[in-house]
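One structure is given here, and the rest of the page talks about it.
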Amino acid sequence: MSEATSPAPTPRILVVDDEPDLREIYALTLIREGWEVAEAAGVAEARALLEQSGFDVAIVDMRLRDGEGMELLAWLAAQRRSERVIMATAYGNAATAVQALKTGAFDYLTKPVDLRQLRLVVRSALSLGLAAAVAQTRPAPALQALVGDSAPMRAVKDTLRRAARGMAPVLIQGESGTGKELAARALHELSNRCAGPFVPVNCSAIPEHLLEAEFFGYRKGAFTGAVNSHDGFFAAAAGGTLFLDEIGELPMAMQAKLLRAVQERRVRAIGETAEAPVDVRLVSATHRDLARCVAEGSFRQDLYYRLNVIDVTLPALRERLDDLPQLADALLARIRRDQERPALRLGAQALAALGRHDFQGNVRELENMLQRAAALAASDTIGADDLGAPAGAAADRAPTPAAERAQLGPQLSPELPLDLPAYLDQVERAILLDALRRTRFNRTAAAQLLGLNLRQMRYRIERLGIRDDDAR
């Protein structure tokens, strides 16, 4: 008979709070889950218990009778202890919660603490040990797809690995085409939530009147046309990661509703009378400078601080040209498979020509150039001529807005078309696309370049059917 497998040790949890009634409520809730619980009323008592033995999770109140919970968190971080710390903070104290996450807390709870949320967060912290160990050692396809060994890319990958250990919200910033969604997927695959869903959401693609319903869901009969109940993005991402791409495009009204969901970890579907706790890791991305948007008043400062606990900035391709040969080879490997051309390669002159290009569209532009060159090349060796005529680096002195405006769009045909309205629409569409490309699809900047306000710009984009992919 084989030797019986020893049972897994019972998780040990330390509850630190100076209110005896709250300690008792927390302890009873956790004991019912089958976990072992120890209690401490202050910083000194907690340190004494921690010096005697280790715990898996510590739930620490922010304000204690003999000090601050942050003191205990900092001590644990300095000692390189393995306890995952969950901070309990008063409602609305956003700055303190954000500081705790930056100091190394696994997560936070808002007081008064919802007991269902308490169990969810503790269970997530307990799962971190084994799941994160597996996730950190196994291959992460999305991380491997972030090709490049330059110093900027090594820093990005290191940040993603470290950020994957906790639940702190992550804001990924970078120009269009730098791989923000790929970075978000890598973060998910490296985390203890890798077995859960990864739900990507393009905030700029959802009509404003549908945002609340899509984010939080709705119940049957909640409004005209709601013939069935619908779970929103938060519910769909339960146990996993919710990725909010182009977060800078959210209107102010929706920013306020999202802020509450982020702070409270609870959402209320349209047509429901009660809020429900949510268990998601929030990752956001934008090509905008959100700090500038905050200064201009187009993005809420409190939401910005909530989302930007951990910042990941993806470098533009022109800032990591050392990665160009490796990137081109990786992209060509995919083209070889798709086109069944195993001998396809990039000639030395073509690679040199790519190195002189400024790549305003970044990796996406490089991929498009290689796709086009592979299709046009007369042989399996792509030459410089096959790449077309890549634009050089931008001039040192930027042209004035009036000069830029004069250069926008196509030249008018000397012959008048038979269908003048259709022709004018075509010309207007080309001018808008040109402005959007020049501003990396920043609608506000493109509108200023054209002498329009943002509302006029959005109207024309919608009327002419312009999509994000058209301008990239």
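To be explicit about the labels: the chains of the structure tokens are called A, B, and onward in the order shown, and within each one the residues are counted from 1, while ligands get numbers from 1 in the order they are shown.
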What's around Asp302 in chain A at 9 Å? Count only C-alpha atoms, leave out sequence neighbours fewer than 4 positions away in its own chain, and write the answer as a CSV table (one decimal) with C-alpha atoms, in the first residue's frame.
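This went into selection_13.csv:
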chain,number,residue,atom,x,y,z
A,94,ALA,CA,-8.6,56.8,-1.8
A,95,ALA,CA,-5.1,58.2,-1.3
A,259,LEU,CA,-14.9,55.1,-9.9
A,306,ARG,CA,-7.3,54.7,-8.5
A,307,LEU,CA,-6.3,53.3,-11.9
Residues within 10 Å of range 337-339 of chain A, only C-alpha atoms, excluding chain neighbours under 5 positions, as a compact mmCIF listing (two decimals) with C-alpha atoms, in the first residue's frame:
# COMPACT_ATOMS: atom_id res chain seq x y z
CA LEU A 332 8.22 37.44 -40.75
CA LEU A 344 10.99 34.37 -47.05
CA GLN A 371 2.94 42.18 -45.03
CA ALA A 374 6.06 40.16 -48.76
CA ALA A 375 3.11 40.43 -51.12
Original post:
Where in range 86-271 of chain A does DSSP assign alpha helix (DSSP H), given as a count of residues only?
Top reply: 85
Original post:
Hey, what's within 8 Å of range 278-284 of chain A if we count only C-alpha atoms and toss same-chain stuff fewer than 2 positions away? As JSON, numbers by chain, please?
Top reply: {"A": [117, 120, 121, 167, 168, 169, 170, 171, 172, 184, 234, 235, 237, 238, 239, 240, 241, 242, 243, 244, 245, 246, 247, 265, 266, 267, 276, 286, 307]}
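Between CA of Glu428 in chain A and CA of Gly388 in chain A the separation is 25.9 Å.
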**OP:** Find the spatial neighbours of Ala377 in chain A, counting only C-alpha atoms, within a cut-off of 12 Å - ignore same-chain residues fewer than 5 positions away - and output them as number ranges by chain.
**Re:** A: 341, 344-347, 350, 369-372, 382-388
When you look at Leu210 in chain A with a cut-off of 12 Å (counting only C-alpha atoms), what residues show up, excluding the ones that are within fewer than 6 positions of it in the same chain? I need them as a PDB file with C-alpha atoms, in the first residue's frame.
ATOM      1  CA  CYS A 203     -14.112  51.879 -24.263  1.00  0.00           C
ATOM      2  CA  SER A 204     -14.054  54.086 -27.366  1.00  0.00           C
ATOM      3  CA  PHE A 216     -22.669  46.660 -15.145  1.00  0.00           C
ATOM      4  CA  GLY A 217     -25.374  44.636 -16.918  1.00  0.00           C
ATOM      5  CA  TYR A 218     -29.154  44.894 -16.733  1.00  0.00           C
ATOM      6  CA  PHE A 223     -35.970  49.346 -19.867  1.00  0.00           C
ATOM      7  CA  GLY A 232     -21.989  43.208 -17.844  1.00  0.00           C
ATOM      8  CA  LEU A 250     -14.831  57.448 -21.305  1.00  0.00           C
ATOM      9  CA  PRO A 251     -17.190  60.420 -20.783  1.00  0.00           C
ATOM     10  CA  MET A 254     -19.280  57.093 -16.846  1.00  0.00           C
ATOM     11  CA  ILE A 270     -29.730  48.333 -14.224  1.00  0.00           C
TER      12      ILE A 270
END
